[in-house]
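Below: structure.txt (compact mmCIF, N, CA and C atoms)
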```txt
# COMPACT_ATOMS: atom_id res chain seq x y z
N MET A 1 0.82 -1.18 0.00
CA MET A 1 0.00 0.00 0.00
C MET A 1 0.87 1.25 0.00
N TYR A 2 1.93 1.20 0.82
CA TYR A 2 2.84 2.35 0.88
C TYR A 2 3.47 2.61 -0.49
N ALA A 3 3.93 1.55 -1.14
CA ALA A 3 4.54 1.69 -2.46
C ALA A 3 3.53 2.23 -3.47
N ALA A 4 2.29 1.76 -3.38
CA ALA A 4 1.25 2.24 -4.30
C ALA A 4 0.99 3.73 -4.09
N LEU A 5 0.96 4.17 -2.85
CA LEU A 5 0.78 5.60 -2.57
C LEU A 5 1.93 6.42 -3.12
N PHE A 6 3.15 5.91 -2.97
CA PHE A 6 4.32 6.62 -3.48
C PHE A 6 4.30 6.71 -5.00
N ILE A 7 3.96 5.61 -5.65
CA ILE A 7 3.87 5.61 -7.12
C ILE A 7 2.79 6.58 -7.60
N LEU A 8 1.67 6.60 -6.88
CA LEU A 8 0.58 7.53 -7.21
C LEU A 8 1.07 8.97 -7.06
N TRP A 9 1.85 9.25 -6.04
CA TRP A 9 2.43 10.57 -5.83
C TRP A 9 3.29 10.98 -7.03
N ILE A 10 4.12 10.06 -7.50
CA ILE A 10 4.99 10.36 -8.64
C ILE A 10 4.16 10.59 -9.90
N ILE A 11 3.13 9.77 -10.10
CA ILE A 11 2.27 9.93 -11.28
C ILE A 11 1.58 11.28 -11.25
N PHE A 12 1.06 11.67 -10.09
CA PHE A 12 0.37 12.97 -9.98
C PHE A 12 1.33 14.14 -10.20
N ASN A 13 2.60 13.97 -9.81
CA ASN A 13 3.58 15.03 -10.01
C ASN A 13 4.06 15.09 -11.45
N GLY A 14 4.05 13.98 -12.15
CA GLY A 14 4.44 13.97 -13.55
C GLY A 14 5.93 13.94 -13.79
N ARG A 15 6.73 13.95 -12.76
CA ARG A 15 8.18 13.90 -12.91
C ARG A 15 8.78 13.33 -11.64
N LEU A 16 10.01 12.88 -11.77
CA LEU A 16 10.70 12.32 -10.62
C LEU A 16 12.02 13.06 -10.41
N THR A 17 12.02 13.89 -9.39
CA THR A 17 13.23 14.58 -8.98
C THR A 17 13.51 14.18 -7.54
N PRO A 18 14.70 14.46 -7.05
CA PRO A 18 14.99 14.11 -5.65
C PRO A 18 14.01 14.76 -4.66
N GLU A 19 13.64 16.03 -4.93
CA GLU A 19 12.71 16.72 -4.04
C GLU A 19 11.34 16.05 -4.05
N VAL A 20 10.85 15.73 -5.24
CA VAL A 20 9.54 15.07 -5.38
C VAL A 20 9.57 13.71 -4.69
N ALA A 21 10.67 12.98 -4.84
CA ALA A 21 10.79 11.66 -4.22
C ALA A 21 10.78 11.75 -2.70
N VAL A 22 11.56 12.68 -2.13
CA VAL A 22 11.63 12.81 -0.68
C VAL A 22 10.28 13.24 -0.11
N ILE A 23 9.69 14.25 -0.70
CA ILE A 23 8.38 14.71 -0.22
C ILE A 23 7.34 13.61 -0.40
N GLY A 24 7.41 12.89 -1.51
CA GLY A 24 6.48 11.79 -1.76
C GLY A 24 6.62 10.67 -0.74
N LEU A 25 7.86 10.35 -0.37
CA LEU A 25 8.07 9.32 0.65
C LEU A 25 7.46 9.75 1.98
N ILE A 26 7.62 11.01 2.33
CA ILE A 26 7.09 11.52 3.61
C ILE A 26 5.57 11.56 3.57
N VAL A 27 5.00 12.13 2.52
CA VAL A 27 3.54 12.23 2.42
C VAL A 27 2.92 10.83 2.35
N SER A 28 3.50 9.95 1.59
CA SER A 28 2.99 8.57 1.50
C SER A 28 3.03 7.88 2.85
N ALA A 29 4.10 8.11 3.61
CA ALA A 29 4.22 7.51 4.94
C ALA A 29 3.11 8.02 5.86
N PHE A 30 2.85 9.32 5.85
CA PHE A 30 1.79 9.87 6.69
C PHE A 30 0.42 9.34 6.29
N ILE A 31 0.16 9.27 5.00
CA ILE A 31 -1.13 8.74 4.54
C ILE A 31 -1.27 7.27 4.90
N PHE A 32 -0.21 6.50 4.71
CA PHE A 32 -0.25 5.08 5.04
C PHE A 32 -0.46 4.87 6.54
N LEU A 33 0.25 5.64 7.37
CA LEU A 33 0.08 5.52 8.82
C LEU A 33 -1.33 5.92 9.24
N PHE A 34 -1.87 6.95 8.60
CA PHE A 34 -3.25 7.37 8.89
C PHE A 34 -4.24 6.25 8.56
N ILE A 35 -4.05 5.63 7.41
CA ILE A 35 -4.94 4.55 6.99
C ILE A 35 -4.82 3.37 7.96
N CYS A 36 -3.60 3.03 8.34
CA CYS A 36 -3.41 1.90 9.27
C CYS A 36 -4.00 2.21 10.64
N ARG A 37 -3.81 3.42 11.10
CA ARG A 37 -4.23 3.77 12.47
C ARG A 37 -5.74 3.95 12.58
N PHE A 38 -6.33 4.70 11.67
CA PHE A 38 -7.73 5.09 11.83
C PHE A 38 -8.71 4.32 10.97
N MET A 39 -8.21 3.56 10.02
CA MET A 39 -9.11 2.82 9.14
C MET A 39 -8.92 1.32 9.27
N ASP A 40 -8.22 0.90 10.30
CA ASP A 40 -8.04 -0.52 10.60
C ASP A 40 -7.50 -1.29 9.40
N TYR A 41 -6.49 -0.72 8.76
CA TYR A 41 -5.90 -1.36 7.59
C TYR A 41 -4.51 -1.87 7.94
N SER A 42 -4.33 -3.14 7.80
CA SER A 42 -3.00 -3.72 8.00
C SER A 42 -2.88 -4.97 7.15
N MET A 43 -2.60 -4.79 5.89
CA MET A 43 -2.46 -5.92 4.98
C MET A 43 -1.17 -6.68 5.27
N LYS A 44 -0.17 -6.03 5.87
CA LYS A 44 1.07 -6.73 6.19
C LYS A 44 0.80 -7.87 7.17
N LYS A 45 0.02 -7.58 8.20
CA LYS A 45 -0.32 -8.62 9.17
C LYS A 45 -1.09 -9.74 8.49
N TRP A 46 -2.03 -9.36 7.62
CA TRP A 46 -2.82 -10.38 6.94
C TRP A 46 -1.93 -11.22 6.04
N MET A 47 -1.03 -10.58 5.29
CA MET A 47 -0.17 -11.32 4.38
C MET A 47 0.74 -12.28 5.14
N LEU A 48 1.26 -11.84 6.28
CA LEU A 48 2.12 -12.71 7.08
C LEU A 48 1.31 -13.89 7.62
N LYS A 49 0.13 -13.62 8.13
CA LYS A 49 -0.74 -14.69 8.63
C LYS A 49 -1.10 -15.65 7.50
N TYR A 50 -1.45 -15.09 6.34
CA TYR A 50 -1.84 -15.93 5.21
C TYR A 50 -0.67 -16.79 4.75
N PHE A 51 0.54 -16.24 4.77
CA PHE A 51 1.72 -17.00 4.38
C PHE A 51 1.89 -18.23 5.26
N PHE A 52 1.73 -18.05 6.57
CA PHE A 52 1.88 -19.18 7.49
C PHE A 52 0.75 -20.19 7.34
N ILE A 53 -0.45 -19.71 7.07
CA ILE A 53 -1.57 -20.62 6.80
C ILE A 53 -1.28 -21.43 5.54
N LEU A 54 -0.81 -20.76 4.50
CA LEU A 54 -0.48 -21.43 3.24
C LEU A 54 0.62 -22.48 3.47
N LEU A 55 1.64 -22.11 4.21
CA LEU A 55 2.73 -23.04 4.51
C LEU A 55 2.21 -24.27 5.26
N THR A 56 1.36 -24.04 6.24
CA THR A 56 0.78 -25.14 7.02
C THR A 56 -0.04 -26.07 6.14
N GLU A 57 -0.87 -25.49 5.27
CA GLU A 57 -1.71 -26.29 4.39
C GLU A 57 -0.86 -27.06 3.37
N ILE A 58 0.22 -26.47 2.91
CA ILE A 58 1.11 -27.16 1.97
C ILE A 58 1.75 -28.37 2.64
N VAL A 59 2.20 -28.20 3.88
CA VAL A 59 2.81 -29.32 4.60
C VAL A 59 1.79 -30.42 4.84
N LYS A 60 0.58 -30.06 5.29
CA LYS A 60 -0.46 -31.07 5.52
C LYS A 60 -0.81 -31.80 4.23
N ALA A 61 -0.94 -31.06 3.14
CA ALA A 61 -1.28 -31.68 1.86
C ALA A 61 -0.14 -32.55 1.33
N ASN A 62 1.10 -32.18 1.64
CA ASN A 62 2.24 -33.01 1.24
C ASN A 62 2.15 -34.39 1.88
N PHE A 63 1.81 -34.43 3.16
CA PHE A 63 1.67 -35.72 3.83
C PHE A 63 0.52 -36.54 3.24
N ALA A 64 -0.60 -35.88 2.96
CA ALA A 64 -1.74 -36.59 2.38
C ALA A 64 -1.39 -37.12 0.98
N THR A 65 -0.73 -36.31 0.18
CA THR A 65 -0.35 -36.73 -1.17
C THR A 65 0.71 -37.83 -1.12
N ALA A 66 1.64 -37.71 -0.19
CA ALA A 66 2.67 -38.76 -0.04
C ALA A 66 2.03 -40.10 0.32
N ALA A 67 0.97 -40.06 1.12
CA ALA A 67 0.26 -41.29 1.48
C ALA A 67 -0.32 -41.95 0.23
N PHE A 68 -0.86 -41.16 -0.69
CA PHE A 68 -1.39 -41.71 -1.94
C PHE A 68 -0.28 -42.35 -2.77
N VAL A 69 0.84 -41.67 -2.84
CA VAL A 69 1.93 -42.13 -3.68
C VAL A 69 2.63 -43.35 -3.09
N LEU A 70 2.86 -43.34 -1.80
CA LEU A 70 3.66 -44.38 -1.16
C LEU A 70 2.87 -45.63 -0.76
N ASN A 71 1.59 -45.52 -0.64
CA ASN A 71 0.77 -46.65 -0.22
C ASN A 71 0.00 -47.19 -1.43
N PRO A 72 0.42 -48.33 -1.98
CA PRO A 72 -0.26 -48.86 -3.17
C PRO A 72 -1.69 -49.36 -2.89
N LYS A 73 -2.03 -49.53 -1.61
CA LYS A 73 -3.38 -50.00 -1.28
C LYS A 73 -4.43 -48.89 -1.39
N ILE A 74 -3.97 -47.65 -1.29
CA ILE A 74 -4.90 -46.52 -1.42
C ILE A 74 -5.16 -46.26 -2.89
N GLU A 75 -6.42 -46.29 -3.26
CA GLU A 75 -6.78 -46.05 -4.65
C GLU A 75 -7.10 -44.57 -4.83
N VAL A 76 -6.44 -43.97 -5.78
CA VAL A 76 -6.65 -42.55 -6.06
C VAL A 76 -7.92 -42.40 -6.89
N GLU A 77 -8.80 -41.53 -6.44
CA GLU A 77 -10.06 -41.26 -7.13
C GLU A 77 -10.13 -39.77 -7.45
N PRO A 78 -9.53 -39.36 -8.55
CA PRO A 78 -9.54 -37.93 -8.89
C PRO A 78 -10.96 -37.40 -9.03
N LYS A 79 -11.10 -36.13 -8.70
CA LYS A 79 -12.42 -35.50 -8.75
C LYS A 79 -12.25 -34.04 -9.17
N ILE A 80 -13.20 -33.58 -9.95
CA ILE A 80 -13.21 -32.17 -10.33
C ILE A 80 -14.40 -31.53 -9.61
N VAL A 81 -14.10 -30.44 -8.90
CA VAL A 81 -15.15 -29.74 -8.17
C VAL A 81 -15.19 -28.29 -8.62
N THR A 82 -16.35 -27.69 -8.47
CA THR A 82 -16.51 -26.27 -8.76
C THR A 82 -17.12 -25.59 -7.53
N PHE A 83 -16.72 -24.36 -7.34
CA PHE A 83 -17.31 -23.55 -6.28
C PHE A 83 -17.18 -22.09 -6.67
N LYS A 84 -18.02 -21.25 -6.09
CA LYS A 84 -18.03 -19.84 -6.45
C LYS A 84 -18.06 -18.97 -5.19
N PRO A 85 -16.87 -18.61 -4.71
CA PRO A 85 -16.83 -17.71 -3.54
C PRO A 85 -17.16 -16.28 -3.97
N ASP A 86 -17.60 -15.49 -3.05
CA ASP A 86 -18.00 -14.10 -3.34
C ASP A 86 -16.79 -13.17 -3.22
N ILE A 87 -15.83 -13.37 -4.12
CA ILE A 87 -14.62 -12.54 -4.12
C ILE A 87 -14.71 -11.60 -5.32
N HIS A 88 -14.61 -10.29 -5.06
CA HIS A 88 -14.73 -9.36 -6.17
C HIS A 88 -13.44 -8.59 -6.49
N TYR A 89 -12.35 -8.85 -5.78
CA TYR A 89 -11.07 -8.25 -6.12
C TYR A 89 -10.27 -9.26 -6.94
N GLY A 90 -9.83 -8.82 -8.11
CA GLY A 90 -9.11 -9.71 -9.02
C GLY A 90 -7.86 -10.32 -8.41
N PHE A 91 -7.08 -9.50 -7.69
CA PHE A 91 -5.84 -10.05 -7.14
C PHE A 91 -6.11 -11.06 -6.03
N LEU A 92 -7.23 -10.92 -5.31
CA LEU A 92 -7.57 -11.92 -4.30
C LEU A 92 -8.04 -13.22 -4.96
N LYS A 93 -8.68 -13.10 -6.11
CA LYS A 93 -9.06 -14.30 -6.87
C LYS A 93 -7.81 -15.08 -7.29
N VAL A 94 -6.81 -14.33 -7.72
CA VAL A 94 -5.55 -14.95 -8.14
C VAL A 94 -4.83 -15.58 -6.95
N VAL A 95 -4.85 -14.89 -5.81
CA VAL A 95 -4.22 -15.45 -4.60
C VAL A 95 -4.86 -16.77 -4.24
N LEU A 96 -6.20 -16.83 -4.29
CA LEU A 96 -6.90 -18.08 -3.98
C LEU A 96 -6.54 -19.18 -4.98
N ALA A 97 -6.57 -18.86 -6.26
CA ALA A 97 -6.25 -19.86 -7.28
C ALA A 97 -4.83 -20.38 -7.11
N ASN A 98 -3.88 -19.49 -6.86
CA ASN A 98 -2.49 -19.91 -6.68
C ASN A 98 -2.31 -20.71 -5.39
N SER A 99 -3.03 -20.34 -4.35
CA SER A 99 -2.93 -21.08 -3.09
C SER A 99 -3.42 -22.51 -3.27
N ILE A 100 -4.50 -22.67 -4.00
CA ILE A 100 -5.03 -24.01 -4.26
C ILE A 100 -4.03 -24.81 -5.08
N THR A 101 -3.46 -24.19 -6.10
CA THR A 101 -2.52 -24.88 -6.97
C THR A 101 -1.21 -25.21 -6.25
N LEU A 102 -0.77 -24.34 -5.36
CA LEU A 102 0.46 -24.60 -4.61
C LEU A 102 0.30 -25.74 -3.61
N THR A 103 -0.92 -26.02 -3.22
CA THR A 103 -1.18 -27.10 -2.27
C THR A 103 -1.17 -28.43 -3.03
N PRO A 104 -0.27 -29.34 -2.68
CA PRO A 104 -0.19 -30.62 -3.39
C PRO A 104 -1.52 -31.39 -3.37
N GLY A 105 -1.85 -31.97 -4.50
CA GLY A 105 -3.07 -32.76 -4.62
C GLY A 105 -4.23 -31.98 -5.21
N THR A 106 -4.06 -30.68 -5.38
CA THR A 106 -5.12 -29.86 -5.97
C THR A 106 -4.52 -28.92 -7.01
N VAL A 107 -5.28 -28.69 -8.07
CA VAL A 107 -4.87 -27.77 -9.13
C VAL A 107 -6.08 -26.96 -9.56
N THR A 108 -5.93 -25.65 -9.60
CA THR A 108 -6.99 -24.81 -10.13
C THR A 108 -6.93 -24.92 -11.65
N VAL A 109 -8.00 -25.46 -12.22
CA VAL A 109 -8.04 -25.69 -13.66
C VAL A 109 -8.54 -24.47 -14.40
N ASN A 110 -9.54 -23.78 -13.81
CA ASN A 110 -10.16 -22.67 -14.52
C ASN A 110 -10.84 -21.74 -13.51
N ILE A 111 -10.85 -20.47 -13.86
CA ILE A 111 -11.66 -19.48 -13.14
C ILE A 111 -12.45 -18.74 -14.21
N GLU A 112 -13.75 -18.86 -14.13
CA GLU A 112 -14.59 -18.19 -15.11
C GLU A 112 -15.81 -17.61 -14.40
N ASP A 113 -16.00 -16.30 -14.56
CA ASP A 113 -17.10 -15.58 -13.90
C ASP A 113 -17.09 -15.81 -12.39
N GLY A 114 -15.91 -15.86 -11.81
CA GLY A 114 -15.78 -16.05 -10.37
C GLY A 114 -15.97 -17.47 -9.89
N GLU A 115 -16.20 -18.39 -10.82
CA GLU A 115 -16.37 -19.80 -10.44
C GLU A 115 -15.05 -20.54 -10.67
N TYR A 116 -14.61 -21.23 -9.64
CA TYR A 116 -13.35 -21.97 -9.69
C TYR A 116 -13.63 -23.42 -10.04
N THR A 117 -12.84 -23.97 -10.93
CA THR A 117 -12.86 -25.39 -11.23
C THR A 117 -11.53 -25.94 -10.75
N VAL A 118 -11.61 -26.93 -9.83
CA VAL A 118 -10.41 -27.45 -9.19
C VAL A 118 -10.36 -28.97 -9.37
N HIS A 119 -9.19 -29.46 -9.76
CA HIS A 119 -8.96 -30.90 -9.87
C HIS A 119 -8.30 -31.36 -8.57
N CYS A 120 -8.89 -32.39 -7.95
CA CYS A 120 -8.36 -32.93 -6.69
C CYS A 120 -8.01 -34.39 -6.88
N LEU A 121 -6.94 -34.83 -6.24
CA LEU A 121 -6.54 -36.24 -6.34
C LEU A 121 -7.53 -37.18 -5.67
N ASP A 122 -8.23 -36.67 -4.68
CA ASP A 122 -9.12 -37.52 -3.89
C ASP A 122 -10.33 -36.71 -3.45
N PRO A 123 -11.49 -37.33 -3.32
CA PRO A 123 -12.67 -36.60 -2.85
C PRO A 123 -12.47 -35.97 -1.47
N ASP A 124 -11.63 -36.57 -0.62
CA ASP A 124 -11.36 -35.98 0.70
C ASP A 124 -10.70 -34.62 0.58
N LEU A 125 -9.85 -34.44 -0.42
CA LEU A 125 -9.20 -33.15 -0.63
C LEU A 125 -10.18 -32.10 -1.13
N ALA A 126 -11.27 -32.56 -1.74
CA ALA A 126 -12.26 -31.65 -2.29
C ALA A 126 -13.33 -31.26 -1.28
N THR A 127 -13.37 -31.95 -0.16
CA THR A 127 -14.41 -31.70 0.83
C THR A 127 -14.32 -30.26 1.35
N ASP A 128 -15.40 -29.56 1.24
CA ASP A 128 -15.51 -28.17 1.74
C ASP A 128 -14.44 -27.24 1.19
N ILE A 129 -14.02 -27.45 -0.05
CA ILE A 129 -13.00 -26.58 -0.63
C ILE A 129 -13.53 -25.15 -0.80
N GLY A 130 -14.82 -25.01 -0.99
CA GLY A 130 -15.42 -23.68 -1.11
C GLY A 130 -15.47 -22.93 0.21
N ASP A 131 -15.28 -23.63 1.32
CA ASP A 131 -15.25 -23.02 2.65
C ASP A 131 -13.92 -23.35 3.34
N SER A 132 -12.87 -23.41 2.56
CA SER A 132 -11.55 -23.77 3.10
C SER A 132 -10.97 -22.59 3.89
N VAL A 133 -9.88 -22.85 4.56
CA VAL A 133 -9.20 -21.81 5.31
C VAL A 133 -8.73 -20.70 4.38
N PHE A 134 -8.37 -21.06 3.15
CA PHE A 134 -7.96 -20.04 2.18
C PHE A 134 -9.10 -19.08 1.88
N VAL A 135 -10.27 -19.63 1.59
CA VAL A 135 -11.42 -18.79 1.25
C VAL A 135 -11.79 -17.90 2.43
N ARG A 136 -11.81 -18.46 3.63
CA ARG A 136 -12.17 -17.67 4.81
C ARG A 136 -11.19 -16.50 5.03
N GLU A 137 -9.90 -16.77 4.89
CA GLU A 137 -8.91 -15.71 5.09
C GLU A 137 -8.99 -14.65 3.99
N ILE A 138 -9.23 -15.07 2.77
CA ILE A 138 -9.34 -14.11 1.67
C ILE A 138 -10.60 -13.26 1.84
N MET A 139 -11.65 -13.84 2.34
CA MET A 139 -12.87 -13.07 2.60
C MET A 139 -12.63 -12.03 3.70
N LYS A 140 -11.82 -12.37 4.70
CA LYS A 140 -11.46 -11.39 5.74
C LYS A 140 -10.68 -10.23 5.14
N ALA A 141 -9.74 -10.56 4.26
CA ALA A 141 -8.95 -9.50 3.60
C ALA A 141 -9.85 -8.64 2.74
N GLN A 142 -10.79 -9.24 2.06
CA GLN A 142 -11.71 -8.49 1.22
C GLN A 142 -12.57 -7.55 2.07
N ASP A 143 -13.02 -8.02 3.23
CA ASP A 143 -13.79 -7.17 4.13
C ASP A 143 -12.98 -5.97 4.58
N ARG A 144 -11.69 -6.20 4.90
CA ARG A 144 -10.82 -5.09 5.30
C ARG A 144 -10.66 -4.09 4.16
N LEU A 145 -10.45 -4.60 2.95
CA LEU A 145 -10.29 -3.70 1.81
C LEU A 145 -11.57 -2.94 1.52
N ASP A 146 -12.72 -3.57 1.71
CA ASP A 146 -14.00 -2.89 1.50
C ASP A 146 -14.19 -1.76 2.51
N ARG A 147 -13.73 -1.97 3.74
CA ARG A 147 -13.87 -0.92 4.77
C ARG A 147 -12.97 0.26 4.46
N VAL A 148 -11.83 0.01 3.83
CA VAL A 148 -10.90 1.09 3.51
C VAL A 148 -11.44 1.95 2.37
N LYS A 149 -12.17 1.34 1.47
CA LYS A 149 -12.70 2.07 0.30
C LYS A 149 -13.56 3.22 0.68
```
As structure tokens - that is how I would like this structure written.
Amino acid sequence: MYAALFILWIIFNGRLTPEVAVIGLIVSAFIFLFICRFMDYSMKKWMLKYFFILLTEIVKANFATAAFVLNPKIEVEPKIVTFKPDIHYGFLKVVLANSITLTPGTVTVNIEDGEYTVHCLDPDLATDIGDSVFVREIMKAQDRLDRVK
């Protein structure tokens, strides 16, 4: 957000000089601090939390996928599921799609009109994918962004 404010400052000024850059850094910092303090905006905290959630889910999915690969008695039953979360920010849609794809055993095949098509190695991996921890956290981020608007 801070970088976006600074870039916006440069665009509005139409040129980049040392004076414009220094003043822009200061003004952007004050605006960013104001937004964080009085508008309950802290995407850094959310991104850090989301990173650890993603890491945890990747590790859990690695163990589940390894069980499929290493145990010949387990029969893999691939499944394609669709779900449509109420996400209206494009970059959050991409974050969700990439999070699903980064998690072993699942691949986001398509996103069309906000509907996700996901290929899962097993029906257990597809259970409640539309209400997964990823979707819940992204919805929280979307709520925060909506309040800032």
To one decimal place in Å, what is the distance between atom CA of Lys49 of chain A and atom CA of Val109 of chain A?
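Straight-line distance from atom CA of Lys49 of chain A to atom CA of Val109 of chain A works out to 25.9 Å.
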Using only N, CA and C atoms, can you tell me which of A:Arg144, A:Thr108, A:Ser132, A:Ser28 comes closest to Ala4 of chain A?
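Among A:Arg144, A:Thr108, A:Ser132, A:Ser28, it is A:Ser28 that comes nearest to Ala4 of chain A.
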Env of Leu96 of chain A: 8 Å cut, atoms = all atoms listed in the file, seq-sep filter 4 positions within chain, self excluded. Answer as number ranges by chain.
A: 90-92, 100-102, 108, 134-135, 138
Could you save the residues just selected, with N, CA and C atoms, as a compact mmCIF listing (two decimals), in the frame of the given file?
```txt
# COMPACT_ATOMS: atom_id res chain seq x y z
N GLY A 90 -9.83 -8.82 -8.11
CA GLY A 90 -9.11 -9.71 -9.02
C GLY A 90 -7.86 -10.32 -8.41
N PHE A 91 -7.08 -9.50 -7.69
CA PHE A 91 -5.84 -10.05 -7.14
C PHE A 91 -6.11 -11.06 -6.03
N LEU A 92 -7.23 -10.92 -5.31
CA LEU A 92 -7.57 -11.92 -4.30
C LEU A 92 -8.04 -13.22 -4.96
N ILE A 100 -4.50 -22.67 -4.00
CA ILE A 100 -5.03 -24.01 -4.26
C ILE A 100 -4.03 -24.81 -5.08
N THR A 101 -3.46 -24.19 -6.10
CA THR A 101 -2.52 -24.88 -6.97
C THR A 101 -1.21 -25.21 -6.25
N LEU A 102 -0.77 -24.34 -5.36
CA LEU A 102 0.46 -24.60 -4.61
C LEU A 102 0.30 -25.74 -3.61
N THR A 108 -5.93 -25.65 -9.60
CA THR A 108 -6.99 -24.81 -10.13
C THR A 108 -6.93 -24.92 -11.65
N PHE A 134 -8.37 -21.06 3.15
CA PHE A 134 -7.96 -20.04 2.18
C PHE A 134 -9.10 -19.08 1.88
N VAL A 135 -10.27 -19.63 1.59
CA VAL A 135 -11.42 -18.79 1.25
C VAL A 135 -11.79 -17.90 2.43
N ILE A 138 -9.23 -15.07 2.77
CA ILE A 138 -9.34 -14.11 1.67
C ILE A 138 -10.60 -13.26 1.84
```
Using DSSP assignments from the backbone, pull out every residue in segment 11-104 of chain A that falls under strand (DSSP E or B) and give it to me as a list in words.
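Answer for segment 11-104 of chain A, restricted to strand (DSSP E or B): Lys79, Ile80, Val81, Thr82 and Phe83 of chain A.
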Counting only C-alpha atoms, what is within 10 Å of Lys93 of chain A, bar same-chain residues fewer than 2 positions away, as a ChimeraX atom specification?
/A:85-91,95-99,111,114-116,135,138
Between A:Tyr2, A:Thr103, A:Val69, A:Glu19, which residue has the minimum interatomic distance to Phe32 of chain A, considering only N, CA and C atoms?
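Distance minimum relative to Phe32 of chain A lands on A:Tyr2.
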What is the distance, in Å and to one decimal place, between atom C of Gly14 of chain A and atom N of Ala29 of chain A?
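Going from atom C of Gly14 of chain A over to atom N of Ala29 of chain A covers 18.4 Å.
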Find the residues around Ala64 of chain A up to 12 Å (only C-alpha atoms counted), leave out those fewer than 3 positions away in its own chain, and share them as a list in words.
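Answer for this query is Glu57, Ile58, Val59, Lys60, Ala61, Ala67, Phe68, Val69, Leu70, Asn71, Ile74, Val76, Thr103, Pro104, Gly105, Thr106, Cys120, Leu121, Asp122, Asp124 and Leu125 of chain A.
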Spatial neighbours of Phe6 of chain A, max dist 12 Å, only C-alpha atoms, sep filter under 6 positions, as a list in words
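The contact residues come out as Phe12, Asn13, Leu16, Val20, Ala21, Val22, Ile23, Gly24, Leu25, Ile26, Val27, Ser28, Ala29, Phe30, Ile31 and Phe32 of chain A.
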Select from chain A everything DSSP, run on the backbone, classes as alpha helix (DSSP H), then give the selection as an MDAnalysis selection string.
chainID A and resid 2:13 18:38 43:70 90:102 123:126 133:148
So how many Å separate atom N of Met47 of chain A and atom C of Thr65 of chain A, to one decimal?
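Those two atoms sit 28.0 Å apart.
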